[in-house]
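Enquirer: Handing over coords.tsv, TSV, N, CA and C atoms.
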```tsv
chain	number	residue	atom	x	y	z
A	1	MET	N	96.27	-7.66	-31.08
A	1	MET	CA	96.35	-8.94	-31.73
A	1	MET	C	94.94	-9.46	-32.00
A	2	ASN	N	94.72	-9.96	-33.23
A	2	ASN	CA	93.41	-10.48	-33.62
A	2	ASN	C	93.48	-12.01	-33.69
A	3	ILE	N	92.85	-12.67	-32.74
A	3	ILE	CA	92.86	-14.13	-32.65
A	3	ILE	C	91.51	-14.65	-33.12
A	4	LYS	N	91.56	-15.66	-34.01
A	4	LYS	CA	90.31	-16.30	-34.45
A	4	LYS	C	89.69	-17.03	-33.27
A	5	LYS	N	88.42	-16.76	-33.04
A	5	LYS	CA	87.69	-17.41	-31.96
A	5	LYS	C	86.57	-18.25	-32.55
A	6	GLY	N	86.74	-19.58	-32.51
A	6	GLY	CA	85.70	-20.47	-32.99
A	6	GLY	C	86.02	-21.08	-34.34
A	7	GLU	N	85.03	-21.79	-34.86
A	7	GLU	CA	85.10	-22.45	-36.16
A	7	GLU	C	83.80	-22.17	-36.92
A	8	THR	N	83.78	-22.50	-38.20
A	8	THR	CA	82.60	-22.22	-39.03
A	8	THR	C	81.74	-23.44	-39.33
A	9	HIS	N	82.20	-24.63	-38.93
A	9	HIS	CA	81.47	-25.85	-39.26
A	9	HIS	C	81.53	-26.80	-38.06
A	10	TRP	N	80.39	-27.22	-37.57
A	10	TRP	CA	80.30	-28.04	-36.36
A	10	TRP	C	79.37	-29.23	-36.59
A	11	ILE	N	79.66	-30.34	-35.91
A	11	ILE	CA	78.82	-31.54	-35.96
A	11	ILE	C	78.47	-31.98	-34.53
A	12	ILE	N	77.20	-32.34	-34.33
A	12	ILE	CA	76.73	-32.93	-33.08
A	12	ILE	C	76.05	-34.24	-33.47
A	13	PRO	N	76.73	-35.39	-33.30
A	13	PRO	CA	76.19	-36.65	-33.79
A	13	PRO	C	74.99	-37.20	-33.00
A	14	ASP	N	74.89	-36.91	-31.70
A	14	ASP	CA	73.87	-37.54	-30.86
A	14	ASP	C	72.80	-36.56	-30.44
A	15	GLY	N	71.65	-36.63	-31.09
A	15	GLY	CA	70.50	-35.83	-30.70
A	15	GLY	C	69.32	-36.73	-30.40
A	16	TYR	N	68.55	-36.38	-29.38
A	16	TYR	CA	67.37	-37.16	-29.01
A	16	TYR	C	66.57	-36.36	-28.00
A	17	ILE	N	65.37	-35.95	-28.38
A	17	ILE	CA	64.50	-35.22	-27.47
A	17	ILE	C	63.68	-36.25	-26.69
A	18	PRO	N	63.91	-36.41	-25.39
A	18	PRO	CA	63.13	-37.38	-24.63
A	18	PRO	C	61.63	-37.09	-24.75
A	19	PRO	N	60.82	-38.12	-25.03
A	19	PRO	CA	59.39	-37.90	-25.25
A	19	PRO	C	58.58	-37.69	-23.98
A	20	LEU	N	59.14	-38.06	-22.83
A	20	LEU	CA	58.41	-37.95	-21.57
A	20	LEU	C	59.15	-37.04	-20.60
A	21	SER	N	58.41	-36.51	-19.65
A	21	SER	CA	58.98	-35.71	-18.57
A	21	SER	C	58.26	-36.07	-17.29
A	22	SER	N	58.94	-35.86	-16.18
A	22	SER	CA	58.28	-36.02	-14.88
A	22	SER	C	58.67	-34.83	-14.03
A	23	GLY	N	57.83	-34.51	-13.08
A	23	GLY	CA	58.12	-33.37	-12.22
A	23	GLY	C	57.85	-32.05	-12.95
A	24	GLU	N	58.50	-30.99	-12.46
A	24	GLU	CA	58.25	-29.65	-12.98
A	24	GLU	C	59.04	-29.30	-14.24
A	25	LEU	N	60.16	-29.99	-14.50
A	25	LEU	CA	61.01	-29.65	-15.63
A	25	LEU	C	60.66	-30.50	-16.85
A	26	THR	N	60.64	-29.87	-18.03
A	26	THR	CA	60.36	-30.56	-19.28
A	26	THR	C	61.66	-31.01	-19.92
A	27	SER	N	61.71	-32.29	-20.34
A	27	SER	CA	62.88	-32.79	-21.05
A	27	SER	C	63.07	-31.97	-22.33
A	28	HIS	N	64.31	-31.58	-22.60
A	28	HIS	CA	64.59	-30.81	-23.81
A	28	HIS	C	66.07	-30.84	-24.15
A	29	GLU	N	66.39	-30.35	-25.33
A	29	GLU	CA	67.76	-30.20	-25.79
A	29	GLU	C	67.95	-28.79	-26.31
A	30	SER	N	69.20	-28.34	-26.27
A	30	SER	CA	69.53	-27.01	-26.79
A	30	SER	C	70.84	-27.03	-27.55
A	31	ILE	N	70.89	-26.25	-28.61
A	31	ILE	CA	72.13	-25.93	-29.28
A	31	ILE	C	72.51	-24.55	-28.79
A	32	CYS	N	73.64	-24.44	-28.11
A	32	CYS	CA	74.09	-23.16	-27.55
A	32	CYS	C	75.17	-22.60	-28.47
A	33	ILE	N	74.93	-21.42	-29.04
A	33	ILE	CA	75.85	-20.82	-29.99
A	33	ILE	C	76.38	-19.52	-29.41
A	34	LEU	N	77.71	-19.38	-29.43
A	34	LEU	CA	78.37	-18.15	-28.97
A	34	LEU	C	79.05	-17.50	-30.16
A	35	ASN	N	78.71	-16.24	-30.40
A	35	ASN	CA	79.32	-15.45	-31.46
A	35	ASN	C	80.16	-14.35	-30.81
A	36	CYS	N	81.48	-14.49	-30.84
A	36	CYS	CA	82.39	-13.51	-30.24
A	36	CYS	C	82.75	-12.38	-31.22
A	37	ASN	N	82.26	-12.47	-32.45
A	37	ASN	CA	82.57	-11.46	-33.47
A	37	ASN	C	81.77	-10.18	-33.23
A	38	GLU	N	82.23	-9.10	-33.81
A	38	GLU	CA	81.51	-7.83	-33.74
A	38	GLU	C	80.21	-7.87	-34.55
A	39	GLU	N	80.23	-8.58	-35.69
A	39	GLU	CA	79.07	-8.61	-36.57
A	39	GLU	C	78.26	-9.89	-36.37
A	40	ALA	N	77.03	-9.86	-36.87
A	40	ALA	CA	76.13	-11.01	-36.76
A	40	ALA	C	76.64	-12.19	-37.56
A	41	ALA	N	76.42	-13.39	-37.04
A	41	ALA	CA	76.77	-14.63	-37.73
A	41	ALA	C	75.51	-15.22	-38.36
A	42	ASN	N	75.57	-15.53	-39.63
A	42	ASN	CA	74.47	-16.17	-40.34
A	42	ASN	C	74.75	-17.67	-40.34
A	43	ILE	N	73.83	-18.42	-39.76
A	43	ILE	CA	74.03	-19.83	-39.48
A	43	ILE	C	72.97	-20.66	-40.20
A	44	LEU	N	73.38	-21.83	-40.68
A	44	LEU	CA	72.47	-22.80	-41.28
A	44	LEU	C	72.58	-24.10	-40.49
A	45	ILE	N	71.44	-24.62	-40.04
A	45	ILE	CA	71.39	-25.85	-39.26
A	45	ILE	C	70.70	-26.92	-40.10
A	46	THR	N	71.34	-28.09	-40.19
A	46	THR	CA	70.73	-29.24	-40.87
A	46	THR	C	70.55	-30.36	-39.85
A	47	ILE	N	69.38	-30.96	-39.86
A	47	ILE	CA	69.05	-32.07	-38.96
A	47	ILE	C	68.98	-33.35	-39.78
A	48	TYR	N	69.77	-34.35	-39.39
A	48	TYR	CA	69.82	-35.65	-40.07
A	48	TYR	C	69.10	-36.70	-39.23
A	49	PHE	N	68.41	-37.61	-39.90
A	49	PHE	CA	67.68	-38.70	-39.24
A	49	PHE	C	68.19	-40.05	-39.72
A	50	GLU	N	67.81	-41.10	-39.01
A	50	GLU	CA	68.19	-42.46	-39.40
A	50	GLU	C	67.38	-42.98	-40.57
A	51	ASP	N	66.11	-42.57	-40.67
A	51	ASP	CA	65.20	-43.22	-41.60
A	51	ASP	C	64.38	-42.27	-42.48
A	52	ARG	N	64.83	-41.03	-42.59
A	52	ARG	CA	64.10	-40.06	-43.43
A	52	ARG	C	65.06	-38.99	-43.93
A	53	ASP	N	64.60	-38.22	-44.88
A	53	ASP	CA	65.42	-37.14	-45.43
A	53	ASP	C	65.68	-36.08	-44.35
A	54	PRO	N	66.81	-35.39	-44.46
A	54	PRO	CA	67.12	-34.35	-43.47
A	54	PRO	C	66.25	-33.11	-43.62
A	55	ILE	N	66.20	-32.34	-42.56
A	55	ILE	CA	65.63	-30.98	-42.61
A	55	ILE	C	66.85	-30.09	-42.83
A	56	GLU	N	66.95	-29.52	-44.02
A	56	GLU	CA	68.20	-28.86	-44.41
A	56	GLU	C	68.13	-27.34	-44.32
A	57	LYS	N	69.28	-26.78	-43.95
A	57	LYS	CA	69.56	-25.34	-44.05
A	57	LYS	C	68.54	-24.47	-43.34
A	58	ILE	N	68.29	-24.77	-42.05
A	58	ILE	CA	67.40	-23.95	-41.23
A	58	ILE	C	68.17	-22.69	-40.86
A	59	PRO	N	67.70	-21.51	-41.28
A	59	PRO	CA	68.47	-20.29	-41.03
A	59	PRO	C	68.30	-19.77	-39.60
A	60	VAL	N	69.43	-19.36	-39.03
A	60	VAL	CA	69.45	-18.76	-37.69
A	60	VAL	C	70.48	-17.63	-37.73
A	61	MET	N	70.21	-16.54	-37.05
A	61	MET	CA	71.18	-15.46	-36.95
A	61	MET	C	71.50	-15.23	-35.48
A	62	VAL	N	72.79	-15.06	-35.17
A	62	VAL	CA	73.20	-14.72	-33.82
A	62	VAL	C	73.95	-13.39	-33.92
A	63	GLU	N	73.43	-12.39	-33.26
A	63	GLU	CA	74.04	-11.06	-33.29
A	63	GLU	C	75.48	-11.11	-32.79
A	64	GLY	N	76.25	-10.10	-33.14
A	64	GLY	CA	77.63	-10.01	-32.70
A	64	GLY	C	77.73	-9.87	-31.19
A	65	LYS	N	78.75	-10.51	-30.62
A	65	LYS	CA	79.00	-10.47	-29.17
A	65	LYS	C	77.79	-10.95	-28.36
A	66	ARG	N	77.11	-11.98	-28.88
A	66	ARG	CA	75.91	-12.52	-28.21
A	66	ARG	C	75.95	-14.04	-28.24
A	67	SER	N	75.10	-14.64	-27.40
A	67	SER	CA	74.88	-16.08	-27.44
A	67	SER	C	73.41	-16.34	-27.70
A	68	ASN	N	73.13	-17.52	-28.21
A	68	ASN	CA	71.75	-17.91	-28.49
A	68	ASN	C	71.59	-19.37	-28.10
A	69	HIS	N	70.61	-19.66	-27.27
A	69	HIS	CA	70.32	-21.02	-26.85
A	69	HIS	C	69.04	-21.46	-27.55
A	70	LEU	N	69.20	-22.31	-28.56
A	70	LEU	CA	68.07	-22.76	-29.36
A	70	LEU	C	67.57	-24.11	-28.87
A	71	ARG	N	66.37	-24.17	-28.38
A	71	ARG	CA	65.79	-25.47	-28.06
A	71	ARG	C	65.50	-26.18	-29.37
A	72	THR	N	66.01	-27.39	-29.49
A	72	THR	CA	65.86	-28.10	-30.76
A	72	THR	C	64.39	-28.40	-31.08
A	73	SER	N	63.54	-28.44	-30.07
A	73	SER	CA	62.11	-28.70	-30.31
A	73	SER	C	61.41	-27.50	-30.96
A	74	THR	N	62.08	-26.34	-31.00
A	74	THR	CA	61.44	-25.15	-31.55
A	74	THR	C	61.93	-24.79	-32.95
A	75	ILE	N	63.00	-25.42	-33.41
A	75	ILE	CA	63.48	-25.06	-34.74
A	75	ILE	C	62.73	-25.86	-35.80
A	76	GLU	N	62.44	-25.20	-36.92
A	76	GLU	CA	61.68	-25.85	-37.97
A	76	GLU	C	61.98	-25.19	-39.31
A	77	ARG	N	61.63	-25.90	-40.36
A	77	ARG	CA	61.73	-25.36	-41.73
A	77	ARG	C	60.59	-25.94	-42.54
A	78	ASN	N	59.83	-25.06	-43.15
A	78	ASN	CA	58.68	-25.45	-44.00
A	78	ASN	C	57.73	-26.39	-43.26
A	79	GLY	N	57.49	-26.12	-41.99
A	79	GLY	CA	56.56	-26.92	-41.20
A	79	GLY	C	57.13	-28.22	-40.66
A	80	GLU	N	58.39	-28.54	-41.01
A	80	GLU	CA	59.04	-29.75	-40.50
A	80	GLU	C	59.83	-29.42	-39.25
A	81	SER	N	59.73	-30.28	-38.25
A	81	SER	CA	60.48	-30.09	-37.02
A	81	SER	C	60.97	-31.46	-36.52
A	82	ILE	N	61.73	-31.45	-35.45
A	82	ILE	CA	62.28	-32.67	-34.89
A	82	ILE	C	61.23	-33.30	-33.96
A	83	PRO	N	60.79	-34.51	-34.25
A	83	PRO	CA	59.83	-35.15	-33.35
A	83	PRO	C	60.51	-35.70	-32.10
A	84	PRO	N	59.82	-35.67	-30.96
A	84	PRO	CA	60.37	-36.28	-29.75
A	84	PRO	C	60.52	-37.79	-29.93
A	85	GLY	N	61.51	-38.36	-29.26
A	85	GLY	CA	61.71	-39.80	-29.27
A	85	GLY	C	62.35	-40.35	-30.52
A	86	VAL	N	62.91	-39.48	-31.37
A	86	VAL	CA	63.53	-39.90	-32.62
A	86	VAL	C	65.00	-39.47	-32.61
A	87	PRO	N	65.94	-40.41	-32.77
A	87	PRO	CA	67.35	-40.03	-32.82
A	87	PRO	C	67.65	-39.15	-34.04
A	88	TYR	N	68.55	-38.19	-33.85
A	88	TYR	CA	68.95	-37.31	-34.94
A	88	TYR	C	70.36	-36.79	-34.70
A	89	SER	N	70.93	-36.17	-35.73
A	89	SER	CA	72.24	-35.54	-35.66
A	89	SER	C	72.13	-34.13	-36.20
A	90	ILE	N	73.08	-33.27	-35.84
A	90	ILE	CA	73.01	-31.85	-36.18
A	90	ILE	C	74.29	-31.41	-36.88
A	91	GLU	N	74.11	-30.64	-37.94
A	91	GLU	CA	75.23	-29.96	-38.60
A	91	GLU	C	74.97	-28.45	-38.50
A	92	VAL	N	75.98	-27.71	-38.06
A	92	VAL	CA	75.87	-26.26	-37.91
A	92	VAL	C	76.95	-25.62	-38.79
A	93	GLU	N	76.52	-24.77	-39.73
A	93	GLU	CA	77.44	-24.05	-40.61
A	93	GLU	C	77.25	-22.55	-40.39
A	94	SER	N	78.35	-21.82	-40.35
A	94	SER	CA	78.29	-20.38	-40.10
A	94	SER	C	79.20	-19.63	-41.05
A	95	ASP	N	78.83	-18.40	-41.40
A	95	ASP	CA	79.69	-17.58	-42.23
A	95	ASP	C	80.82	-16.92	-41.44
A	96	LEU	N	80.75	-17.00	-40.10
A	96	LEU	CA	81.79	-16.48	-39.22
A	96	LEU	C	82.16	-17.55	-38.20
A	97	PRO	N	83.36	-17.52	-37.65
A	97	PRO	CA	83.71	-18.48	-36.59
A	97	PRO	C	82.82	-18.29	-35.36
A	98	ILE	N	82.30	-19.41	-34.85
A	98	ILE	CA	81.44	-19.42	-33.66
A	98	ILE	C	81.83	-20.61	-32.80
A	99	PHE	N	81.24	-20.69	-31.61
A	99	PHE	CA	81.37	-21.87	-30.74
A	99	PHE	C	80.00	-22.51	-30.62
A	100	VAL	N	79.97	-23.86	-30.60
A	100	VAL	CA	78.71	-24.60	-30.53
A	100	VAL	C	78.79	-25.63	-29.41
A	101	GLN	N	77.83	-25.56	-28.51
A	101	GLN	CA	77.71	-26.51	-27.40
A	101	GLN	C	76.32	-27.13	-27.47
A	102	TYR	N	76.20	-28.34	-26.99
A	102	TYR	CA	74.93	-29.07	-27.03
A	102	TYR	C	74.58	-29.53	-25.62
A	103	SER	N	73.32	-29.36	-25.22
A	103	SER	CA	72.89	-29.77	-23.88
A	103	SER	C	71.58	-30.52	-23.95
A	104	ARG	N	71.44	-31.51	-23.06
A	104	ARG	CA	70.19	-32.27	-22.96
A	104	ARG	C	69.77	-32.34	-21.49
A	105	LEU	N	68.51	-32.01	-21.22
A	105	LEU	CA	67.91	-32.22	-19.91
A	105	LEU	C	66.94	-33.38	-20.05
A	106	ASP	N	67.23	-34.47	-19.38
A	106	ASP	CA	66.38	-35.66	-19.41
A	106	ASP	C	65.68	-35.76	-18.06
A	107	SER	N	64.40	-35.43	-18.06
A	107	SER	CA	63.61	-35.49	-16.81
A	107	SER	C	62.58	-36.61	-16.88
A	108	THR	N	62.93	-37.70	-17.58
A	108	THR	CA	62.00	-38.83	-17.68
A	108	THR	C	61.85	-39.57	-16.36
A	109	GLN	N	62.81	-39.37	-15.45
A	109	GLN	CA	62.76	-39.99	-14.13
A	109	GLN	C	62.92	-38.90	-13.07
A	110	PRO	N	62.47	-39.14	-11.85
A	110	PRO	CA	62.60	-38.11	-10.80
A	110	PRO	C	64.05	-37.64	-10.60
A	111	GLY	N	65.03	-38.54	-10.72
A	111	GLY	CA	66.44	-38.15	-10.63
A	111	GLY	C	66.92	-37.71	-11.99
A	112	LEU	N	66.56	-36.50	-12.40
A	112	LEU	CA	66.84	-36.04	-13.76
A	112	LEU	C	68.33	-36.02	-14.09
A	113	ALA	N	68.64	-35.97	-15.37
A	113	ALA	CA	70.03	-35.94	-15.83
A	113	ALA	C	70.23	-34.74	-16.74
A	114	LEU	N	71.36	-34.06	-16.59
A	114	LEU	CA	71.74	-32.96	-17.46
A	114	LEU	C	73.07	-33.32	-18.10
A	115	MET	N	73.12	-33.25	-19.43
A	115	MET	CA	74.33	-33.59	-20.17
A	115	MET	C	74.66	-32.42	-21.07
A	116	SER	N	75.93	-32.10	-21.15
A	116	SER	CA	76.36	-31.02	-22.04
A	116	SER	C	77.72	-31.37	-22.63
A	117	THR	N	77.92	-31.04	-23.90
A	117	THR	CA	79.19	-31.31	-24.55
A	117	THR	C	79.42	-30.30	-25.66
A	118	MET	N	80.65	-30.07	-26.01
A	118	MET	CA	80.97	-29.21	-27.14
A	118	MET	C	80.68	-29.97	-28.42
A	119	GLY	N	80.22	-29.25	-29.44
A	119	GLY	CA	80.10	-29.84	-30.76
A	119	GLY	C	81.49	-30.17	-31.28
A	120	TYR	N	81.55	-30.93	-32.35
A	120	TYR	CA	82.84	-31.29	-32.95
A	120	TYR	C	83.12	-30.30	-34.09
A	121	PRO	N	84.19	-29.50	-33.98
A	121	PRO	CA	84.49	-28.53	-35.04
A	121	PRO	C	85.16	-29.20	-36.23
A	122	ILE	N	84.73	-28.83	-37.43
A	122	ILE	CA	85.32	-29.31	-38.67
A	122	ILE	C	86.21	-28.19	-39.18
A	123	LYS	N	87.47	-28.48	-39.40
A	123	LYS	CA	88.40	-27.43	-39.84
A	123	LYS	C	88.65	-27.52	-41.31
```
Step by step, read the file and then write its structure as structure tokens.
Expert:
Amino acid sequence: MNIKKGETHWIIPDGYIPPLSSGELTSHESICILNCNEEAANILITIYFEDRDPIEKIPVMVEGKRSNHLRTSTIERNGESIPPGVPYSIEVESDLPIFVQYSRLDSTQPGLALMSTMGYPIK
């Protein structure tokens, strides 16, 4: 039996890279992508901001039967990247069904916080 695993379009409305860190861990965010397919998934990521044009169609590939944890601070297109301390939202589009999870490590205080949630799939 062949069961579809995942969706091809995902939204993560709440993005924010904390600008400060304390202790040994650096505050960061990640988009976690799982590709259960045999073949590679070709993915396009768009970053939306409150007060500026989006960074559109950032290409990412995730090999078949693999996961990829992308720190949002490392993704860029044409020299544009997500600045720390600026709210943003994420759109993930894929040519194959995938799973998308979002995680934030906030180490701005000694009692750090880790948050993780599934992206919202668009059907």
Enquirer: To one decimal place, how far is atom C of Asn78 (chain A) from CA of Ile47 (chain A) in Å?
Expert: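 A separation of 13.4 Å between them.
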Enquirer: Looking at A:Ile17, A:Ile90, A:Leu96, A:Ile12, which one is nearest to Ala41 (chain A), with distances taken over only N, CA and C atoms?
Expert: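 Under the stated criterion, the closest residue is A:Leu96.
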Enquirer: Would you work out the distance separating CA of Leu70 (chain A) from atom N of Glu29 (chain A), expressed in Å to one decimal?
Expert: 8.8 Å
Enquirer: Just how far from CA of Arg104 (chain A) is atom C of Glu38 (chain A), in Å to one decimal?
Expert: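 Interatomic distance, atom C of Glu38 (chain A) to CA of Arg104 (chain A): 28.8 Å.
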Enquirer: Which neighbours of Asn37 (chain A) fall inside 6.5 Å, counting all atoms listed in the file, when residues of the same chain fewer than 4 positions from it are skipped, and could you give them as a list in words?
Expert: Glu63, Gly64, Lys65 and Arg66 of chain A
Enquirer: Looking at all atoms listed in the file, which of A:Cys36, A:His28, A:Thr46, A:Asp51 is the one that sits closest to Val92 (chain A)?
Expert: A:Thr46
